[in-house]
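As provided, work-v9.cif (mmCIF, C-alpha atoms) reads as follows.
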```
data_start
loop_
_atom_site.group_PDB
_atom_site.id
_atom_site.type_symbol
_atom_site.label_atom_id
_atom_site.label_comp_id
_atom_site.auth_asym_id
_atom_site.auth_seq_id
_atom_site.Cartn_x
_atom_site.Cartn_y
_atom_site.Cartn_z
ATOM 1 C CA MET A 1466 87.091 86.927 102.909
ATOM 2 C CA PRO A 1467 90.806 87.284 102.089
ATOM 3 C CA PRO A 1468 93.297 85.320 104.243
ATOM 4 C CA LYS A 1469 94.986 88.538 105.447
ATOM 5 C CA PRO A 1470 92.776 91.483 106.414
ATOM 6 C CA THR A 1471 92.765 93.797 103.403
ATOM 7 C CA ILE A 1472 91.717 97.428 103.405
ATOM 8 C CA LEU A 1473 90.839 98.933 100.019
ATOM 9 C CA PHE A 1474 90.891 102.593 98.979
ATOM 10 C CA MET A 1475 89.755 103.515 95.487
ATOM 11 C CA GLY A 1476 89.616 107.074 94.228
ATOM 12 C CA ARG A 1477 91.391 110.079 92.863
ATOM 13 C CA ILE A 1478 94.709 110.873 94.477
ATOM 14 C CA ARG A 1479 93.717 114.294 95.772
ATOM 15 C CA PRO A 1480 93.799 115.599 99.351
ATOM 16 C CA ILE A 1481 89.996 116.023 99.353
ATOM 17 C CA LYS A 1482 89.607 112.256 98.835
ATOM 18 C CA GLY A 1483 91.607 111.441 101.980
ATOM 19 C CA PHE A 1484 94.140 109.031 100.458
ATOM 20 C CA ASP A 1485 96.718 110.354 102.935
ATOM 21 C CA ILE A 1486 94.333 109.645 105.820
ATOM 22 C CA PHE A 1487 93.934 106.099 104.501
ATOM 23 C CA ILE A 1488 97.717 105.572 104.477
ATOM 24 C CA ASP A 1489 98.045 107.010 107.998
ATOM 25 C CA ALA A 1490 95.225 104.733 109.226
ATOM 26 C CA LEU A 1491 96.753 101.681 107.518
ATOM 27 C CA ALA A 1492 99.994 102.311 109.402
ATOM 28 C CA ARG A 1493 97.997 102.147 112.665
ATOM 29 C CA VAL A 1494 96.577 98.702 111.777
ATOM 30 C CA PRO A 1495 99.729 96.570 111.400
ATOM 31 C CA GLU A 1496 97.799 93.322 110.952
ATOM 32 C CA ALA A 1497 96.268 94.572 107.680
ATOM 33 C CA ARG A 1498 97.503 95.137 104.173
ATOM 34 C CA GLY A 1499 96.260 98.008 102.070
ATOM 35 C CA ILE A 1500 95.381 98.346 98.414
ATOM 36 C CA LEU A 1501 95.195 101.798 96.858
ATOM 37 C CA VAL A 1502 93.684 102.146 93.377
ATOM 38 C CA GLY A 1503 93.670 105.545 91.742
ATOM 39 C CA ASP A 1504 94.900 107.935 89.098
ATOM 40 C CA ILE A 1505 98.557 107.108 89.528
ATOM 41 C CA THR A 1506 101.113 109.362 87.838
ATOM 42 C CA ASP A 1507 104.822 109.699 88.538
ATOM 43 C CA ASN A 1508 104.033 112.566 90.924
ATOM 44 C CA THR A 1509 101.222 110.813 92.795
ATOM 45 C CA GLN A 1510 103.255 107.598 93.018
ATOM 46 C CA GLN A 1511 106.113 109.542 94.606
ATOM 47 C CA LEU A 1512 103.700 111.231 97.011
ATOM 48 C CA ILE A 1513 102.200 107.872 98.017
ATOM 49 C CA ASN A 1514 105.678 106.335 98.436
ATOM 50 C CA ASN A 1515 106.782 109.248 100.635
ATOM 51 C CA LEU A 1516 103.665 109.031 102.798
ATOM 52 C CA SER A 1517 103.853 105.254 103.227
ATOM 53 C CA LYS A 1518 107.532 105.532 104.233
ATOM 54 C CA ARG A 1519 106.786 108.397 106.615
ATOM 55 C CA PHE A 1520 103.981 106.436 108.284
ATOM 56 C CA GLY A 1521 105.956 103.170 108.220
ATOM 57 C CA CYS A 1522 103.812 100.930 106.045
ATOM 58 C CA PRO A 1523 105.378 100.750 102.535
ATOM 59 C CA ALA A 1524 105.678 96.953 102.621
ATOM 60 C CA ARG A 1525 101.948 96.591 103.371
ATOM 61 C CA LEU A 1526 100.617 98.973 100.729
ATOM 62 C CA GLU A 1527 99.959 97.902 97.138
ATOM 63 C CA VAL A 1528 99.414 100.707 94.643
ATOM 64 C CA HIS A 1529 97.502 100.193 91.387
ATOM 65 C CA PRO A 1530 96.483 102.551 88.574
ATOM 66 C CA TRP A 1531 92.874 102.902 87.439
ATOM 67 C CA ALA A 1532 91.461 99.518 86.619
ATOM 68 C CA SER A 1533 88.956 97.941 84.251
ATOM 69 C CA ARG A 1534 85.490 96.968 85.521
ATOM 70 C CA GLU A 1535 86.647 93.342 85.826
ATOM 71 C CA GLN A 1536 89.745 94.350 87.793
ATOM 72 C CA ILE A 1537 87.675 96.591 90.063
ATOM 73 C CA SER A 1538 85.417 93.642 90.838
ATOM 74 C CA GLU A 1539 88.499 91.576 91.724
ATOM 75 C CA PHE A 1540 89.780 94.315 94.035
ATOM 76 C CA PHE A 1541 86.443 94.353 95.857
ATOM 77 C CA LYS A 1542 86.515 90.540 96.143
ATOM 78 C CA SER A 1543 89.970 90.775 97.719
ATOM 79 C CA ALA A 1544 88.901 93.376 100.299
ATOM 80 C CA THR A 1545 87.841 92.819 103.882
ATOM 81 C CA LEU A 1546 86.832 96.461 104.267
ATOM 82 C CA PHE A 1547 86.532 99.462 101.989
ATOM 83 C CA VAL A 1548 87.508 102.899 103.265
ATOM 84 C CA PHE A 1549 86.032 106.171 102.078
ATOM 85 C CA PRO A 1550 87.981 108.825 104.025
ATOM 86 C CA SER A 1551 86.876 111.795 101.942
ATOM 87 C CA ILE A 1552 87.034 115.222 103.553
ATOM 88 C CA TRP A 1553 84.920 116.745 100.784
ATOM 89 C CA PRO A 1554 81.129 116.913 101.292
ATOM 90 C CA GLU A 1555 80.458 114.238 98.684
ATOM 91 C CA THR A 1556 77.009 114.340 97.158
ATOM 92 C CA LEU A 1557 76.812 110.557 97.270
ATOM 93 C CA GLY A 1558 80.059 108.609 96.970
ATOM 94 C CA ILE A 1559 79.334 106.027 94.269
ATOM 95 C CA VAL A 1560 82.439 103.965 94.995
ATOM 96 C CA GLY A 1561 81.117 103.227 98.485
ATOM 97 C CA LEU A 1562 77.922 101.899 96.937
ATOM 98 C CA GLU A 1563 79.991 99.734 94.585
ATOM 99 C CA ALA A 1564 81.834 98.243 97.555
ATOM 100 C CA MET A 1565 78.552 97.497 99.297
ATOM 101 C CA ALA A 1566 77.144 95.877 96.149
ATOM 102 C CA HIS A 1567 80.063 93.436 96.446
ATOM 103 C CA GLY A 1568 79.207 92.761 100.105
ATOM 104 C CA VAL A 1569 82.150 94.766 101.431
ATOM 105 C CA PRO A 1570 81.418 96.847 104.544
ATOM 106 C CA VAL A 1571 82.525 100.489 104.349
ATOM 107 C CA VAL A 1572 84.251 102.703 106.881
ATOM 108 C CA ALA A 1573 83.614 106.264 105.757
ATOM 109 C CA SER A 1574 84.014 109.850 106.810
ATOM 110 C CA ASP A 1575 80.721 111.327 107.924
ATOM 111 C CA VAL A 1576 80.523 113.903 105.118
ATOM 112 C CA GLY A 1577 77.965 115.044 102.563
ATOM 113 C CA GLY A 1578 75.574 112.387 101.319
ATOM 114 C CA VAL A 1579 77.335 109.374 102.845
ATOM 115 C CA ARG A 1580 74.519 108.896 105.376
ATOM 116 C CA GLN A 1581 72.145 108.277 102.458
ATOM 117 C CA TRP A 1582 73.664 104.815 102.113
ATOM 118 C CA LEU A 1583 75.872 104.098 105.133
ATOM 119 C CA GLN A 1584 74.132 103.232 108.386
ATOM 120 C CA ASP A 1585 76.656 103.300 111.200
ATOM 121 C CA GLY A 1586 76.857 99.881 112.824
ATOM 122 C CA VAL A 1587 74.576 98.275 110.224
ATOM 123 C CA ASN A 1588 76.426 98.150 106.902
ATOM 124 C CA GLY A 1589 79.620 99.923 107.922
ATOM 125 C CA ALA A 1590 80.992 102.579 110.222
ATOM 126 C CA LEU A 1591 81.052 106.365 110.173
ATOM 127 C CA VAL A 1592 84.041 108.293 111.472
ATOM 128 C CA PRO A 1593 84.813 111.997 111.761
ATOM 129 C CA PRO A 1594 86.510 113.432 108.668
ATOM 130 C CA ARG A 1595 90.282 114.045 108.755
ATOM 131 C CA ASP A 1596 90.730 111.618 111.647
ATOM 132 C CA ALA A 1597 93.147 108.789 110.787
ATOM 133 C CA LYS A 1598 93.120 107.568 114.394
ATOM 134 C CA ALA A 1599 89.311 107.178 114.402
ATOM 135 C CA LEU A 1600 89.455 105.511 110.972
ATOM 136 C CA ALA A 1601 92.068 103.028 112.239
ATOM 137 C CA GLU A 1602 90.078 102.328 115.407
ATOM 138 C CA ALA A 1603 86.927 101.586 113.393
ATOM 139 C CA ILE A 1604 88.896 99.327 111.047
ATOM 140 C CA ARG A 1605 90.498 97.462 113.934
ATOM 141 C CA ARG A 1606 87.169 97.098 115.775
ATOM 142 C CA LEU A 1607 85.548 95.532 112.700
ATOM 143 C CA LEU A 1608 88.524 93.314 111.865
ATOM 144 C CA ASN A 1609 88.359 91.931 115.404
ATOM 145 C CA SER A 1610 84.725 90.927 114.923
ATOM 146 C CA PRO A 1611 84.329 88.517 111.970
ATOM 147 C CA ASN A 1612 80.630 87.988 112.762
ATOM 148 C CA THR A 1613 79.975 91.721 112.641
ATOM 149 C CA LEU A 1614 81.914 92.005 109.376
ATOM 150 C CA HIS A 1615 79.854 89.198 107.868
ATOM 151 C CA SER A 1616 76.515 90.662 108.931
ATOM 152 C CA MET A 1617 77.561 94.137 107.753
ATOM 153 C CA GLY A 1618 78.481 92.661 104.366
ATOM 154 C CA GLN A 1619 75.053 91.040 104.104
ATOM 155 C CA ASN A 1620 73.385 94.276 105.202
ATOM 156 C CA ALA A 1621 75.417 96.184 102.618
ATOM 157 C CA ILE A 1622 74.057 93.998 99.828
ATOM 158 C CA ARG A 1623 70.533 94.393 101.227
ATOM 159 C CA THR A 1624 70.950 98.200 101.293
ATOM 160 C CA ILE A 1625 71.836 98.175 97.586
ATOM 161 C CA LYS A 1626 68.974 95.836 96.659
ATOM 162 C CA GLU A 1627 66.426 97.849 98.628
ATOM 163 C CA GLY A 1628 67.284 101.303 97.411
ATOM 164 C CA PHE A 1629 70.113 101.696 94.946
ATOM 165 C CA LEU A 1630 69.445 99.515 91.930
ATOM 166 C CA LEU A 1631 69.356 101.235 88.534
ATOM 167 C CA GLU A 1632 65.715 100.337 87.933
ATOM 168 C CA GLN A 1633 64.728 101.899 91.261
ATOM 169 C CA HIS A 1634 66.626 105.075 90.436
ATOM 170 C CA VAL A 1635 65.024 105.382 86.988
ATOM 171 C CA THR A 1636 61.541 104.800 88.431
ATOM 172 C CA LYS A 1637 62.066 107.468 91.098
ATOM 173 C CA LEU A 1638 63.437 109.883 88.508
ATOM 174 C CA LEU A 1639 60.479 109.337 86.171
ATOM 175 C CA ASN A 1640 58.075 109.886 89.079
ATOM 176 C CA LEU A 1641 59.779 113.183 89.879
ATOM 177 C CA TYR A 1642 59.498 114.303 86.248
ATOM 178 C CA GLU A 1643 55.805 113.344 86.176
ATOM 179 C CA GLN A 1644 55.161 115.276 89.394
ATOM 180 C CA ALA A 1645 56.980 118.318 88.043
ATOM 181 C CA ALA A 1646 55.069 118.132 84.754
ATOM 182 C CA SER A 1647 51.750 117.843 86.635
ATOM 183 C CA ARG A 1648 52.585 120.882 88.745
ATOM 184 C CA GLY A 1649 53.494 122.776 85.598
ATOM 185 C CA LYS A 1650 50.139 121.901 83.998
ATOM 186 C CA SER A 1651 48.260 122.889 87.178
ATOM 187 C CA ALA A 1652 50.083 126.206 87.355
ATOM 188 C CA ALA A 1653 49.321 126.879 83.698
ATOM 189 C CA ILE A 1654 45.593 126.160 84.220
ATOM 190 C CA ILE A 1655 45.418 128.361 87.337
ATOM 191 C CA GLY A 1656 47.204 131.178 85.527
ATOM 192 C CA LYS A 1657 44.569 131.324 82.732
#
```
I'd like the structure from this file rewritten - as structure tokens, please.
Amino acid sequence: MPPKPTILFMGRIRPIKGFDIFIDALARVPEARGILVGDITDNTQQLINNLSKRFGCPARLEVHPWASREQISEFFKSATLFVFPSIWPETLGIVGLEAMAHGVPVVASDVGGVRQWLQDGVNGALVPPRDAKALAEAIRRLLNSPNTLHSMGQNAIRTIKEGFLLEQHVTKLLNLYEQAASRGKSAAIIGK
């Protein structure tokens, strides 16, 4: 665990990804620093700078452009919590799974397919979308409970091992194809 509580956001700098909600929430948790990793351009950097100044947290927010796989791993190792404040109904949210694979609990908006991998109170926390106050409260609650953070990190790793490894995905996919092919053969026989 990093010496100073560190909240990580990683994603495209688009309103649907909730980067602005992350910055607003970070401002409400003065004991934490934030790291934002994304598709930084001159325009998005200016937008992030303006938001962090408006919310009063520019000194606590580090901004980084897209990173290599090794750098991404280092960012996860430096994080106490990962936030996924998307307002879009994400089909899955792969980056949340990546955080959990590194043992980092996730605080996420309750949108789309997030509930497929995030169990509220077990491996992270769910919050209403577009709600920086609720995001900050969940962050603060977890930061104030190191034992809970630790157990959520362990549960996050267990979640990945029990249902989200590549081999498991490929096996499930092959089974679906076999079932579909069997149904196709049955339908062809019945149609004769």
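Of note, CA of Ala1597 in chain A and CA of Gln1581 in chain A are spaced 22.6 Å apart.
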**Prompt:** What does the PyMOL selection byres ((chain A and resi 1562-1574) around 8) select in this file, as a count of residues only?
**Reply:** 41
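Taking CA of Asp1596 in chain A and CA of Ala1490 in chain A as endpoints, the distance between them is 8.6 Å.
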**Complete:** Expressed in Å, the length from CA of Asn1609 in chain A to CA of Leu1557 in chain A is 28.4 Å
**Request:** Give as an MDAnalysis selection string the residues that the PyMOL selection byres ((chain A and resi 1471) around 8) matches when applied to the coordinates above.
**Result:** chainID A and resid 1467 1469:1470 1472:1473 1497:1500 1543:1546
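In terms of minimum interatomic distance to Ala1532 in chain A, A:Ile1505 ranks closest within A:Leu1639, A:Ile1505, A:Phe1629, A:Arg1580, counting all atoms listed in the file.
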Evaluate the PyMOL selection byres ((chain A and resi 1509-1512) around 12) against this structure - the residues, as a CSV table (one decimal) with C-alpha atoms, in the coordinates of the input, please.
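What follows is the written file result.csv:
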```
chain,number,residue,atom,x,y,z
A,1477,ARG,CA,91.4,110.1,92.9
A,1478,ILE,CA,94.7,110.9,94.5
A,1479,ARG,CA,93.7,114.3,95.8
A,1480,PRO,CA,93.8,115.6,99.4
A,1484,PHE,CA,94.1,109.0,100.5
A,1485,ASP,CA,96.7,110.4,102.9
A,1488,ILE,CA,97.7,105.6,104.5
A,1501,LEU,CA,95.2,101.8,96.9
A,1502,VAL,CA,93.7,102.1,93.4
A,1503,GLY,CA,93.7,105.5,91.7
A,1504,ASP,CA,94.9,107.9,89.1
A,1505,ILE,CA,98.6,107.1,89.5
A,1506,THR,CA,101.1,109.4,87.8
A,1507,ASP,CA,104.8,109.7,88.5
A,1508,ASN,CA,104.0,112.6,90.9
A,1513,ILE,CA,102.2,107.9,98.0
A,1514,ASN,CA,105.7,106.3,98.4
A,1515,ASN,CA,106.8,109.2,100.6
A,1516,LEU,CA,103.7,109.0,102.8
A,1517,SER,CA,103.9,105.3,103.2
A,1518,LYS,CA,107.5,105.5,104.2
A,1519,ARG,CA,106.8,108.4,106.6
A,1523,PRO,CA,105.4,100.8,102.5
A,1526,LEU,CA,100.6,99.0,100.7
A,1527,GLU,CA,100.0,97.9,97.1
A,1528,VAL,CA,99.4,100.7,94.6
A,1529,HIS,CA,97.5,100.2,91.4
A,1530,PRO,CA,96.5,102.6,88.6
```
**Message:** Using all atoms listed in the file for the distances, tell me which of A:Glu1539, A:Cys1522, A:Trp1531, A:Thr1556 is nearest to Ala1492 in chain A.
**Reply:** A:Cys1522
**Fill in**
Of A:Gly1628, A:Gln1584, A:Lys1598, A:Ile1537, the one sitting nearest Leu1491 in chain A when using only C-alpha atoms is A:Lys1598
Just save range 1499-1570 of chain A with C-alpha atoms, as a PDB file, in the first residue's frame.
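Resulting contents of out-v9.pdb:
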```pdb
ATOM      1  CA  GLY A1499      -4.897  11.373  -7.365  1.00  0.00           C
ATOM      2  CA  ILE A1500      -3.332   9.920 -10.478  1.00  0.00           C
ATOM      3  CA  LEU A1501      -5.093  10.333 -13.810  1.00  0.00           C
ATOM      4  CA  VAL A1502      -3.840   8.318 -16.793  1.00  0.00           C
ATOM      5  CA  GLY A1503      -5.460   8.865 -20.155  1.00  0.00           C
ATOM      6  CA  ASP A1504      -5.341  10.133 -23.704  1.00  0.00           C
ATOM      7  CA  ILE A1505      -3.789  13.465 -22.850  1.00  0.00           C
ATOM      8  CA  THR A1506      -3.688  16.138 -25.554  1.00  0.00           C
ATOM      9  CA  ASP A1507      -3.150  19.872 -25.192  1.00  0.00           C
ATOM     10  CA  ASN A1508      -6.932  20.325 -25.037  1.00  0.00           C
ATOM     11  CA  THR A1509      -7.595  17.574 -22.494  1.00  0.00           C
ATOM     12  CA  GLN A1510      -4.650  18.714 -20.360  1.00  0.00           C
ATOM     13  CA  GLN A1511      -6.105  22.227 -20.270  1.00  0.00           C
ATOM     14  CA  LEU A1512      -9.535  20.843 -19.388  1.00  0.00           C
ATOM     15  CA  ILE A1513      -8.071  18.753 -16.555  1.00  0.00           C
ATOM     16  CA  ASN A1514      -6.036  21.730 -15.281  1.00  0.00           C
ATOM     17  CA  ASN A1515      -9.135  23.952 -15.297  1.00  0.00           C
ATOM     18  CA  LEU A1516     -11.219  21.363 -13.454  1.00  0.00           C
ATOM     19  CA  SER A1517      -8.565  20.651 -10.821  1.00  0.00           C
ATOM     20  CA  LYS A1518      -8.168  24.401 -10.180  1.00  0.00           C
ATOM     21  CA  ARG A1519     -11.932  24.893 -10.027  1.00  0.00           C
ATOM     22  CA  PHE A1520     -12.321  22.055  -7.518  1.00  0.00           C
ATOM     23  CA  GLY A1521      -9.192  23.071  -5.583  1.00  0.00           C
ATOM     24  CA  CYS A1522      -6.947  20.044  -5.958  1.00  0.00           C
ATOM     25  CA  PRO A1523      -4.290  20.800  -8.635  1.00  0.00           C
ATOM     26  CA  ALA A1524      -1.386  20.123  -6.262  1.00  0.00           C
ATOM     27  CA  ARG A1525      -2.747  16.644  -5.456  1.00  0.00           C
ATOM     28  CA  LEU A1526      -3.448  15.487  -9.005  1.00  0.00           C
ATOM     29  CA  GLU A1527      -0.789  13.893 -11.211  1.00  0.00           C
ATOM     30  CA  VAL A1528      -1.640  13.616 -14.898  1.00  0.00           C
ATOM     31  CA  HIS A1529       0.003  11.044 -17.179  1.00  0.00           C
ATOM     32  CA  PRO A1530      -0.482  10.143 -20.849  1.00  0.00           C
ATOM     33  CA  TRP A1531      -1.255   6.597 -21.974  1.00  0.00           C
ATOM     34  CA  ALA A1532       1.306   4.229 -20.576  1.00  0.00           C
ATOM     35  CA  SER A1533       3.046   0.993 -21.508  1.00  0.00           C
ATOM     36  CA  ARG A1534       1.931  -2.293 -19.918  1.00  0.00           C
ATOM     37  CA  GLU A1535       4.855  -2.073 -17.473  1.00  0.00           C
ATOM     38  CA  GLN A1536       3.965   1.500 -16.512  1.00  0.00           C
ATOM     39  CA  ILE A1537       0.308   0.557 -16.073  1.00  0.00           C
ATOM     40  CA  SER A1538       1.351  -2.191 -13.674  1.00  0.00           C
ATOM     41  CA  GLU A1539       3.389   0.367 -11.708  1.00  0.00           C
ATOM     42  CA  PHE A1540       0.413   2.732 -11.529  1.00  0.00           C
ATOM     43  CA  PHE A1541      -1.738  -0.065 -10.113  1.00  0.00           C
ATOM     44  CA  LYS A1542       0.988  -0.924  -7.572  1.00  0.00           C
ATOM     45  CA  SER A1543       1.018   2.712  -6.452  1.00  0.00           C
ATOM     46  CA  ALA A1544      -2.766   2.870  -5.982  1.00  0.00           C
ATOM     47  CA  THR A1545      -4.749   2.416  -2.799  1.00  0.00           C
ATOM     48  CA  LEU A1546      -8.034   2.473  -4.706  1.00  0.00           C
ATOM     49  CA  PHE A1547      -9.078   2.522  -8.338  1.00  0.00           C
ATOM     50  CA  VAL A1548     -12.082   4.578  -9.406  1.00  0.00           C
ATOM     51  CA  PHE A1549     -14.336   3.795 -12.338  1.00  0.00           C
ATOM     52  CA  PRO A1550     -16.823   6.699 -12.395  1.00  0.00           C
ATOM     53  CA  SER A1551     -18.215   6.016 -15.856  1.00  0.00           C
ATOM     54  CA  ILE A1552     -21.668   7.360 -16.654  1.00  0.00           C
ATOM     55  CA  TRP A1553     -21.902   5.216 -19.785  1.00  0.00           C
ATOM     56  CA  PRO A1554     -23.542   1.768 -19.493  1.00  0.00           C
ATOM     57  CA  GLU A1555     -20.246  -0.061 -19.946  1.00  0.00           C
ATOM     58  CA  THR A1556     -20.557  -3.595 -21.229  1.00  0.00           C
ATOM     59  CA  LEU A1557     -17.839  -4.735 -18.846  1.00  0.00           C
ATOM     60  CA  GLY A1558     -15.156  -2.220 -17.894  1.00  0.00           C
ATOM     61  CA  ILE A1559     -11.895  -4.094 -18.477  1.00  0.00           C
ATOM     62  CA  VAL A1560      -9.761  -1.546 -16.640  1.00  0.00           C
ATOM     63  CA  GLY A1561     -11.639  -2.312 -13.421  1.00  0.00           C
ATOM     64  CA  LEU A1562     -10.779  -5.979 -13.855  1.00  0.00           C
ATOM     65  CA  GLU A1563      -7.132  -5.032 -14.405  1.00  0.00           C
ATOM     66  CA  ALA A1564      -7.125  -3.097 -11.135  1.00  0.00           C
ATOM     67  CA  MET A1565      -8.623  -6.060  -9.306  1.00  0.00           C
ATOM     68  CA  ALA A1566      -6.048  -8.419 -10.830  1.00  0.00           C
ATOM     69  CA  HIS A1567      -3.443  -6.227  -9.105  1.00  0.00           C
ATOM     70  CA  GLY A1568      -5.316  -6.503  -5.789  1.00  0.00           C
ATOM     71  CA  VAL A1569      -6.637  -2.944  -5.943  1.00  0.00           C
ATOM     72  CA  PRO A1570     -10.228  -2.499  -4.733  1.00  0.00           C
TER      73      PRO A1570
END
```
